[in-house]
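Take a look at the structure below.
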Amino acid sequence: MTVPRTVSDVLAEHVRFEVECIDRMYLNVFVPELQRTGQVAGYLMRHRGQPIASTALVAPMSKQFVAGIYDYAAAHDVPLVHFTKGQRKDDVMHEYLAGFTGTDQVVFIGVAQEKAHVFRTERRHNPITGAPFPWIVTATA
């Protein structure tokens, strides 16, 4: 008879985490279950409890997330750097690192506008009744 192993046991034997140097981190979120319009509609209606699937429901969540980052920056006196188009982020980082004497801290939070895959809601109409209904489509923003 074999004893069941925990995920922790398996990872401890097969995964090694090592950081030699890090000068920046990116926050990318990928949720496999939310990659298709039907999955997004299901999430908005079932998980978020909304009567209709509209991506307008996502904006408050995004704004709350961004506000949390801004609150963190203000509470910890971390500068927010808004990058301009074409600006080299590495150059900005090296400027901040030149004056950095600490060992472990967030030096700055960079804000950049990158193109991303998004979902949008458009209004469509029933061809028979003419009644409008929301329809989720993919786009870039």
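Simple scheme: letters A, B, ... for chains in structure tokens order, numbers from 1 for residues in each chain, numbers from 1 for ligands in the order shown.
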
Could you make a table, as a Markdown table, of the residues of stretch 52-80 of chain A that have an atom within 8 Å of an atom of stretch 93-110 of chain A, each with its nearest atom pair and distance in Å to one decimal, counting only C-alpha atoms, in chain and number order?
```
| residue | atom | partner | partner_atom | distance |
| --- | --- | --- | --- | --- |
| A:Ala73 | CA | A:Ile109 | CA | 7.5 |
| A:Val78 | CA | A:Phe108 | CA | 5.4 |
| A:Pro79 | CA | A:Phe108 | CA | 4.9 |
| A:Leu80 | CA | A:Ile109 | CA | 4.9 |
```

Identify, on the basis of only C-alpha atoms, every residue whose closest approach to A:Val31 does not exceed 12 Å; exclude the query and any residue fewer than 6 positions from it along the same chain; express the result as an MDAnalysis selection string. chainID A and resid 39:40 43

Residues just named, written with all heavy atoms as a tab-separated table (two decimals), in the first residue's frame:
```tsv
chain	number	residue	atom	x	y	z
A	39	GLN	N	-17.10	31.78	-21.11
A	39	GLN	CA	-16.58	31.61	-19.76
A	39	GLN	C	-16.69	32.92	-18.97
A	39	GLN	O	-17.01	32.92	-17.79
A	39	GLN	CB	-15.12	31.16	-19.82
A	39	GLN	CG	-14.96	29.77	-20.42
A	39	GLN	CD	-13.52	29.46	-20.79
A	39	GLN	OE1	-12.78	30.33	-21.22
A	39	GLN	NE2	-13.14	28.21	-20.61
A	40	VAL	N	-16.43	34.05	-19.64
A	40	VAL	CA	-16.55	35.35	-18.99
A	40	VAL	C	-18.01	35.61	-18.61
A	40	VAL	O	-18.31	36.06	-17.50
A	40	VAL	CB	-16.00	36.47	-19.89
A	40	VAL	CG1	-16.30	37.85	-19.32
A	40	VAL	CG2	-14.50	36.30	-20.08
A	43	TYR	N	-18.85	33.57	-15.58
A	43	TYR	CA	-18.24	34.14	-14.38
A	43	TYR	C	-19.06	35.33	-13.88
A	43	TYR	O	-19.34	35.43	-12.69
A	43	TYR	CB	-16.80	34.58	-14.69
A	43	TYR	CG	-16.21	35.47	-13.63
A	43	TYR	CD1	-15.72	34.95	-12.44
A	43	TYR	CD2	-16.14	36.85	-13.82
A	43	TYR	CE1	-15.18	35.77	-11.46
A	43	TYR	CE2	-15.59	37.68	-12.85
A	43	TYR	CZ	-15.12	37.14	-11.68
A	43	TYR	OH	-14.59	37.96	-10.73
```

Skip A:Gly42 itself and residues of its chain fewer than 3 positions away, then list as a short mmCIF file (atom, residue, chain, number, x, y, z; two decimals) with N, CA, C and O atoms, in the first residue's frame all residues within 12 Å of it, counting only C-alpha atoms.
```
data_model
loop_
_atom_site.label_atom_id
_atom_site.label_comp_id
_atom_site.auth_asym_id
_atom_site.auth_seq_id
_atom_site.Cartn_x
_atom_site.Cartn_y
_atom_site.Cartn_z
N GLU A 33 -9.70 29.72 -17.08
CA GLU A 33 -11.14 29.56 -17.21
C GLU A 33 -11.84 30.82 -17.73
O GLU A 33 -13.05 30.82 -17.92
N LEU A 34 -11.10 31.90 -17.94
CA LEU A 34 -11.71 33.15 -18.41
C LEU A 34 -11.10 33.61 -19.73
O LEU A 34 -10.86 34.79 -19.95
N GLN A 35 -10.86 32.67 -20.64
CA GLN A 35 -10.23 33.01 -21.91
C GLN A 35 -11.21 33.06 -23.08
O GLN A 35 -10.84 33.44 -24.18
N ARG A 36 -12.45 32.70 -22.86
CA ARG A 36 -13.46 32.71 -23.92
C ARG A 36 -14.67 33.51 -23.45
O ARG A 36 -14.95 33.60 -22.25
N THR A 37 -15.40 34.05 -24.40
CA THR A 37 -16.53 34.91 -24.05
C THR A 37 -17.58 34.19 -23.21
O THR A 37 -18.13 34.76 -22.28
N GLY A 38 -17.86 32.93 -23.52
CA GLY A 38 -18.84 32.17 -22.74
C GLY A 38 -18.40 31.98 -21.31
O GLY A 38 -19.21 32.01 -20.37
N GLN A 39 -17.10 31.78 -21.11
CA GLN A 39 -16.58 31.61 -19.76
C GLN A 39 -16.69 32.92 -18.97
O GLN A 39 -17.01 32.92 -17.79
N MET A 45 -22.18 36.07 -14.39
CA MET A 45 -23.53 35.74 -13.94
C MET A 45 -23.54 34.80 -12.73
O MET A 45 -24.24 35.04 -11.75
N ARG A 46 -22.76 33.71 -12.80
CA ARG A 46 -22.80 32.73 -11.71
C ARG A 46 -21.94 33.17 -10.52
O ARG A 46 -22.42 33.20 -9.39
N HIS A 47 -20.69 33.49 -10.78
CA HIS A 47 -19.78 33.82 -9.67
C HIS A 47 -20.08 35.19 -9.07
O HIS A 47 -20.08 35.35 -7.85
N ARG A 48 -20.33 36.19 -9.92
CA ARG A 48 -20.59 37.54 -9.44
C ARG A 48 -22.06 37.80 -9.17
O ARG A 48 -22.42 38.85 -8.65
N GLY A 49 -22.93 36.84 -9.54
CA GLY A 49 -24.35 36.94 -9.22
C GLY A 49 -25.12 38.02 -9.96
O GLY A 49 -26.10 38.55 -9.44
N GLN A 50 -24.70 38.33 -11.18
CA GLN A 50 -25.36 39.37 -11.95
C GLN A 50 -26.45 38.78 -12.84
O GLN A 50 -26.30 37.67 -13.36
N PRO A 51 -27.54 39.49 -13.06
CA PRO A 51 -28.64 38.96 -13.88
C PRO A 51 -28.29 38.92 -15.37
O PRO A 51 -28.86 38.11 -16.10
N ILE A 52 -27.39 39.79 -15.82
CA ILE A 52 -26.96 39.76 -17.22
C ILE A 52 -25.44 39.80 -17.26
O ILE A 52 -24.79 40.28 -16.33
N ALA A 53 -24.87 39.31 -18.35
CA ALA A 53 -23.42 39.33 -18.51
C ALA A 53 -23.03 40.60 -19.25
O ALA A 53 -23.31 40.74 -20.43
N SER A 54 -22.43 41.51 -18.54
CA SER A 54 -21.95 42.76 -19.14
C SER A 54 -20.57 43.06 -18.58
O SER A 54 -20.36 43.01 -17.37
N THR A 55 -19.64 43.38 -19.47
CA THR A 55 -18.28 43.68 -19.02
C THR A 55 -18.21 45.01 -18.27
O THR A 55 -17.19 45.33 -17.68
N ILE A 136 -20.98 39.75 -25.52
CA ILE A 136 -19.58 39.93 -25.18
C ILE A 136 -18.70 39.54 -26.37
O ILE A 136 -18.89 38.48 -26.96
#
```

When DSSP works through the backbone of this structure, what residues of stretch 102-132 of chain A end up as strand (DSSP E or B), shown as a list in words?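 Residues of stretch 102-132 of chain A classed as strand (DSSP E or B): Ile109, Gly110, Val111, His117, Val118, Phe119, Arg120, Thr121, Glu122, Arg123, Arg124, His125 and Pro132 of chain A.
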
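Interatomic distance, atom CA of A:Phe83 against atom CA of A:Glu114: 10.7 Å.
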
Correct to one decimal, the distance atom CA of A:Pro32-atom CA of A:Lys115 is 19.1 Å

Which residue of A:Val111, A:Arg124, A:Pro134, A:Thr140 approaches A:Ile69 most closely, using only C-alpha atoms: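 Among A:Val111, A:Arg124, A:Pro134, A:Thr140, it is A:Val111 that comes nearest to A:Ile69.
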
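With only C-alpha atoms as the atoms that count, the minimum distance from A:Met61 to the choices A:Leu44, A:Thr6, A:Gln87, A:Phe133 is reached by A:Leu44.
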
How far is it from atom CA of A:Val118 to atom CA of A:Tyr72, in Å with one decimal?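 Atom-to-atom, atom CA of A:Val118 to atom CA of A:Tyr72, that is 25.8 Å.
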
Just list as JSON, numbers by chain whatever in chain A DSSP marks as helix (DSSP H, G or I). {"A": [7, 8, 9, 10, 11, 12, 13, 14, 32, 33, 34, 37, 38, 39, 40, 41, 42, 43, 44, 45, 46, 47, 55, 56, 57, 58, 59, 60, 61, 62, 63, 64, 65, 66, 67, 68, 69, 70, 71, 72, 73, 74, 75, 89, 90, 91, 92, 93, 94, 95, 96, 97, 98]}

Go through A:Ile128, A:Leu57, A:Ala75, A:Arg88 and flag the residue nearest A:Ala112, using only C-alpha atoms for the distances. A:Arg88
